[in-house]
$ cat start_32.pdb   # PDB, C-alpha atoms, pLDDT in the B column
ATOM      1  CA  MET Y 208      44.949  22.174 -14.824  1.00 70.00           C
ATOM      2  CA  PRO Y 209      43.461  20.207 -17.704  1.00 72.00           C
ATOM      3  CA  MET Y 210      45.496  18.718 -20.514  1.00 84.00           C
ATOM      4  CA  THR Y 211      46.173  21.152 -23.334  1.00 85.00           C
ATOM      5  CA  GLN Y 212      44.701  19.796 -26.577  1.00 88.00           C
ATOM      6  CA  ALA Y 213      46.323  21.928 -29.293  1.00 90.00           C
ATOM      7  CA  TYR Y 214      49.991  22.614 -29.899  1.00 91.00           C
ATOM      8  CA  ALA Y 215      51.015  26.229 -29.301  1.00 89.00           C
ATOM      9  CA  VAL Y 216      52.420  27.656 -32.501  1.00 82.00           C
ATOM     10  CA  THR Y 217      53.877  30.643 -30.652  1.00 90.00           C
ATOM     11  CA  GLU Y 218      56.316  29.312 -28.115  1.00 92.00           C
ATOM     12  CA  PRO Y 219      57.265  30.985 -24.845  1.00 95.00           C
ATOM     13  CA  THR Y 220      60.877  32.015 -24.368  1.00 96.00           C
ATOM     14  CA  ARG Y 221      63.250  29.873 -22.355  1.00 97.00           C
ATOM     15  CA  ALA Y 222      63.398  32.631 -19.709  1.00 97.00           C
ATOM     16  CA  GLU Y 223      59.589  32.566 -19.408  1.00 97.00           C
ATOM     17  CA  VAL Y 224      59.585  28.785 -18.996  1.00 97.00           C
ATOM     18  CA  ASP Y 225      62.418  28.881 -16.451  1.00 97.00           C
ATOM     19  CA  ALA Y 226      60.461  31.463 -14.419  1.00 97.00           C
ATOM     20  CA  LEU Y 227      57.286  29.347 -14.181  1.00 97.00           C
ATOM     21  CA  PRO Y 228      56.421  28.526 -10.562  1.00 96.00           C
ATOM     22  CA  GLY Y 229      55.331  25.060  -9.516  1.00 96.00           C
ATOM     23  CA  ALA Y 230      54.995  21.902 -11.581  1.00 97.00           C
ATOM     24  CA  THR Y 231      55.099  22.112 -15.387  1.00 97.00           C
ATOM     25  CA  LEU Y 232      55.094  19.531 -18.150  1.00 97.00           C
ATOM     26  CA  LEU Y 233      56.497  20.739 -21.470  1.00 97.00           C
ATOM     27  CA  GLU Y 234      55.392  18.527 -24.344  1.00 97.00           C
ATOM     28  CA  PHE Y 235      57.374  19.042 -27.552  1.00 97.00           C
ATOM     29  CA  GLY Y 236      55.900  17.551 -30.703  1.00 97.00           C
ATOM     30  CA  SER Y 237      53.840  18.173 -33.804  1.00 95.00           C
ATOM     31  CA  PRO Y 238      50.195  17.566 -34.721  1.00 94.00           C
ATOM     32  CA  TRP Y 239      51.191  15.354 -37.669  1.00 95.00           C
ATOM     33  CA  CYS Y 240      53.631  13.195 -35.648  1.00 96.00           C
ATOM     34  CA  GLY Y 241      52.372   9.623 -35.262  1.00 97.00           C
ATOM     35  CA  HIS Y 242      54.356   9.033 -32.055  1.00 97.00           C
ATOM     36  CA  CYS Y 243      52.823  12.218 -30.601  1.00 97.00           C
ATOM     37  CA  ARG Y 244      49.287  11.097 -31.446  1.00 96.00           C
ATOM     38  CA  ILE Y 245      49.886   7.674 -29.884  1.00 96.00           C
ATOM     39  CA  ALA Y 246      51.094   9.321 -26.653  1.00 97.00           C
ATOM     40  CA  GLN Y 247      48.008  11.538 -26.228  1.00 96.00           C
ATOM     41  CA  PRO Y 248      45.784   9.032 -24.351  1.00 96.00           C
ATOM     42  CA  LEU Y 249      48.731   8.135 -22.091  1.00 96.00           C
ATOM     43  CA  LEU Y 250      49.294  11.806 -21.285  1.00 96.00           C
ATOM     44  CA  ALA Y 251      45.595  12.466 -20.733  1.00 95.00           C
ATOM     45  CA  ALA Y 252      45.284   9.608 -18.246  1.00 94.00           C
ATOM     46  CA  ALA Y 253      48.434  10.594 -16.350  1.00 94.00           C
ATOM     47  CA  LEU Y 254      47.590  14.310 -16.250  1.00 94.00           C
ATOM     48  CA  ALA Y 255      44.082  13.522 -14.960  1.00 94.00           C
ATOM     49  CA  GLN Y 256      45.772  12.200 -11.809  1.00 93.00           C
ATOM     50  CA  HIS Y 257      47.873  15.387 -11.420  1.00 94.00           C
ATOM     51  CA  PRO Y 258      45.609  18.415 -11.935  1.00 93.00           C
ATOM     52  CA  GLU Y 259      48.186  20.638 -10.222  1.00 94.00           C
ATOM     53  CA  VAL Y 260      50.641  20.206 -13.115  1.00 96.00           C
ATOM     54  CA  ARG Y 261      50.663  22.924 -15.811  1.00 96.00           C
ATOM     55  CA  HIS Y 262      50.762  21.378 -19.319  1.00 96.00           C
ATOM     56  CA  LEU Y 263      52.371  23.349 -22.154  1.00 96.00           C
ATOM     57  CA  LYS Y 264      52.089  21.688 -25.540  1.00 96.00           C
ATOM     58  CA  ILE Y 265      54.708  23.222 -27.828  1.00 97.00           C
ATOM     59  CA  GLU Y 266      54.784  22.671 -31.586  1.00 95.00           C
ATOM     60  CA  ASP Y 267      58.411  21.947 -32.390  1.00 95.00           C
ATOM     61  CA  ALA Y 268      60.340  22.075 -35.656  1.00 90.00           C
ATOM     62  CA  SER Y 269      63.866  22.700 -36.837  1.00 86.00           C
ATOM     63  CA  GLY Y 270      64.962  26.165 -35.912  1.00 85.00           C
ATOM     64  CA  ARG Y 271      62.476  26.510 -33.045  1.00 91.00           C
ATOM     65  CA  ARG Y 272      64.473  28.020 -30.181  1.00 94.00           C
ATOM     66  CA  LEU Y 273      62.698  26.538 -27.174  1.00 96.00           C
ATOM     67  CA  GLY Y 274      63.044  22.965 -28.415  1.00 95.00           C
ATOM     68  CA  ARG Y 275      66.699  23.522 -29.247  1.00 95.00           C
ATOM     69  CA  SER Y 276      67.352  25.014 -25.805  1.00 96.00           C
ATOM     70  CA  PHE Y 277      66.053  21.739 -24.311  1.00 97.00           C
ATOM     71  CA  GLN Y 278      68.040  19.705 -26.883  1.00 96.00           C
ATOM     72  CA  VAL Y 279      64.906  18.023 -28.225  1.00 96.00           C
ATOM     73  CA  LYS Y 280      65.800  15.433 -30.872  1.00 95.00           C
ATOM     74  CA  LEU Y 281      62.718  13.174 -31.044  1.00 96.00           C
ATOM     75  CA  TRP Y 282      58.996  13.743 -30.654  1.00 97.00           C
ATOM     76  CA  PRO Y 283      57.252  13.666 -28.379  1.00 98.00           C
ATOM     77  CA  THR Y 284      59.744  14.802 -25.769  1.00 98.00           C
ATOM     78  CA  LEU Y 285      58.201  15.424 -22.356  1.00 98.00           C
ATOM     79  CA  VAL Y 286      60.164  17.676 -20.000  1.00 98.00           C
ATOM     80  CA  PHE Y 287      58.981  17.665 -16.376  1.00 98.00           C
ATOM     81  CA  MET Y 288      59.906  20.780 -14.394  1.00 97.00           C
ATOM     82  CA  ARG Y 289      59.345  22.251 -10.950  1.00 97.00           C
ATOM     83  CA  ASP Y 290      60.056  25.942 -10.378  1.00 96.00           C
ATOM     84  CA  GLY Y 291      62.057  26.192 -13.604  1.00 95.00           C
ATOM     85  CA  GLU Y 292      64.264  23.160 -12.942  1.00 96.00           C
ATOM     86  CA  GLU Y 293      64.113  20.045 -15.111  1.00 97.00           C
ATOM     87  CA  LEU Y 294      63.580  16.994 -12.898  1.00 97.00           C
ATOM     88  CA  ALA Y 295      62.766  14.314 -15.469  1.00 97.00           C
ATOM     89  CA  ARG Y 296      62.412  13.680 -19.182  1.00 98.00           C
ATOM     90  CA  VAL Y 297      60.506  11.038 -21.137  1.00 98.00           C
ATOM     91  CA  VAL Y 298      61.013  10.585 -24.874  1.00 98.00           C
ATOM     92  CA  ARG Y 299      58.499   8.735 -27.087  1.00 97.00           C
ATOM     93  CA  PRO Y 300      56.536   7.067 -24.287  1.00 97.00           C
ATOM     94  CA  ARG Y 301      54.799   3.826 -25.205  1.00 95.00           C
ATOM     95  CA  GLU Y 302      53.187   3.236 -21.829  1.00 94.00           C
ATOM     96  CA  ALA Y 303      51.800   5.370 -19.016  1.00 93.00           C
ATOM     97  CA  ALA Y 304      54.150   4.252 -16.210  1.00 95.00           C
ATOM     98  CA  PRO Y 305      57.169   6.476 -17.094  1.00 96.00           C
ATOM     99  CA  ILE Y 306      54.871   9.498 -17.450  1.00 96.00           C
ATOM    100  CA  ALA Y 307      53.199   8.782 -14.105  1.00 95.00           C
ATOM    101  CA  ARG Y 308      56.566   8.399 -12.352  1.00 95.00           C
ATOM    102  CA  ALA Y 309      57.834  11.691 -13.760  1.00 97.00           C
ATOM    103  CA  LEU Y 310      54.605  13.492 -12.846  1.00 96.00           C
ATOM    104  CA  GLY Y 311      54.991  12.138  -9.328  1.00 93.00           C
ATOM    105  CA  LEU Y 312      58.394  13.816  -9.120  1.00 94.00           C
ATOM    106  CA  VAL Y 313      57.147  17.252 -10.112  1.00 94.00           C
ATOM    107  CA  GLY Y 314      53.601  17.104  -8.734  1.00 85.00           C
ATOM    108  CA  GLU Y 315      52.535  18.034  -5.238  1.00 72.00           C
ATOM    109  CA  ARG Y 316      55.467  17.876  -2.869  1.00 54.00           C
ATOM    110  CA  THR Y 317      55.309  14.924  -0.502  1.00 45.00           C
ATOM    111  CA  ASP Y 318      57.878  13.148   1.626  1.00 39.00           C
ATOM    112  CA  ALA Y 319      58.135  10.498  -1.100  1.00 40.00           C
ATOM    113  CA  ALA Y 320      58.801  13.112  -3.793  1.00 37.00           C
ATOM    114  CA  MET Y 321      61.473  14.709  -1.627  1.00 39.00           C
ATOM    115  CA  THR Y 322      63.098  11.281  -1.124  1.00 38.00           C
ATOM    116  CA  ASP Y 323      63.103  10.662  -4.886  1.00 40.00           C
ATOM    117  CA  ALA Y 324      64.849  13.971  -5.643  1.00 40.00           C
ATOM    118  CA  PRO Y 325      68.372  12.474  -6.030  1.00 41.00           C
ATOM    119  CA  MET Y 326      66.950   9.882  -8.419  1.00 40.00           C
ATOM    120  CA  SER Y 327      65.394  12.624 -10.544  1.00 38.00           C
ATOM    121  CA  ALA Y 328      68.809  14.098 -11.333  1.00 40.00           C
ATOM    122  CA  LYS Y 329      69.852  10.662 -12.554  1.00 36.00           C
ATOM    123  CA  ALA Y 330      66.752  10.533 -14.780  1.00 42.00           C
ATOM    124  CA  GLN Y 331      67.954  13.684 -16.516  1.00 39.00           C
ATOM    125  CA  ARG Y 332      71.042  11.985 -17.929  1.00 37.00           C
TER     126      ARG Y 332
END
$ encode --input "start_32.pdb" --output "structure tokens"
Amino acid sequence: MPMTQAYAVTEPTRAEVDALPGATLLEFGSPWCGHCRIAQPLLAAALAQHPEVRHLKIEDASGRRLGRSFQVKLWPTLVFMRDGEELARVVRPREAAPIARALGLVGERTDAAMTDAPMSAKAQR
């Protein structure tokens, strides 16, 4: 799936997100956020290598329920999920490597991804 360009103003519910099958990247941010704009080329390059990952770009703000349910404090916050379970999180990325590693955890299942599963729980903390 290609990278989503625009932030969704209408957010899905947490139940809808938790019910999504397969690999999903939730990107919380805002179109006016400088950190979010800087991260866009990094995300585009990483997502180009993982076309199987669904990308949901959610416009966040105070009082927005989905962002609060994921305890988003800074933008951009990238939440990497598989079958409704958070496996990794990257906040304010400045380089592509952390994004690529997280996408590798949620992307197509391989023996390596299965081996890294215990590490992914650690990445959540």
$ resolve_selection --input "start_32.pdb" --expression "the PyMOL selection byres ((chain Y and resi 300) around 9)" --output "ChimeraX atom specification"
/Y:242-243,245-246,249,283-285,297-299,301-306
$ atom_distance --input "start_32.pdb" --atom1 "CA of Leu232 (chain Y)" --atom2 "CA of Ala309 (chain Y)"
9.4 Å
$ closest_residue --input "start_32.pdb" --among "Y:Thr231, Y:Met210, Y:Pro219, Y:Ile265" --to "Gln247 (chain Y)" --atoms "all atoms listed in the file"
Y:Met210
$ atom_distance --input "start_32.pdb" --atom1 "CA of Arg275 (chain Y)" --atom2 "CA of Leu312 (chain Y)"
23.8 Å
$ resolve_selection --input "start_32.pdb" --expression "the PyMOL selection byres ((chain Y and resi 230) around 8)" --output "list in words"
Pro228, Gly229, Thr231, Leu232, Glu259, Val260, Arg261, Phe287, Met288, Arg289, Asp290, Val313, Gly314 and Glu315 of chain Y
$ atom_distance --input "start_32.pdb" --atom1 "CA of Val216 (chain Y)" --atom2 "CA of Glu266 (chain Y)"
5.6 Å
$ resolve_selection --input "start_32.pdb" --expression "the PyMOL selection byres ((chain Y and resi 213) around 12)" --output "PyMOL selection string"
chain Y and resi 210-212+214-217+234-239+243-244+247+262-266
$ residues_around --input "start_32.pdb" --residues "Leu227 (chain Y)" --least-positions-apart "2" --cutoff "6 Å" --atoms "all atoms listed in the file" --output "CSV table (one decimal) with C-alpha atoms, in the coordinates of the input"
chain,number,residue,atom,x,y,z
Y,224,VAL,CA,59.6,28.8,-19.0
Y,225,ASP,CA,62.4,28.9,-16.5
Y,290,ASP,CA,60.1,25.9,-10.4
Y,291,GLY,CA,62.1,26.2,-13.6
$ closest_residue --input "start_32.pdb" --among "Y:Met208, Y:His257, Y:Ala307, Y:Arg221" --to "Arg271 (chain Y)" --atoms "only C-alpha atoms"
Y:Arg221
$ closest_residue --input "start_32.pdb" --among "Y:Pro209, Y:Gly241, Y:Ala255, Y:Leu233" --to "Val279 (chain Y)" --atoms "all atoms listed in the file"
Y:Leu233
$ closest_residue --input "start_32.pdb" --among "Y:Ala222, Y:Leu281, Y:Ala251, Y:Leu294" --to "Ser269 (chain Y)" --atoms "only C-alpha atoms"
Y:Leu281
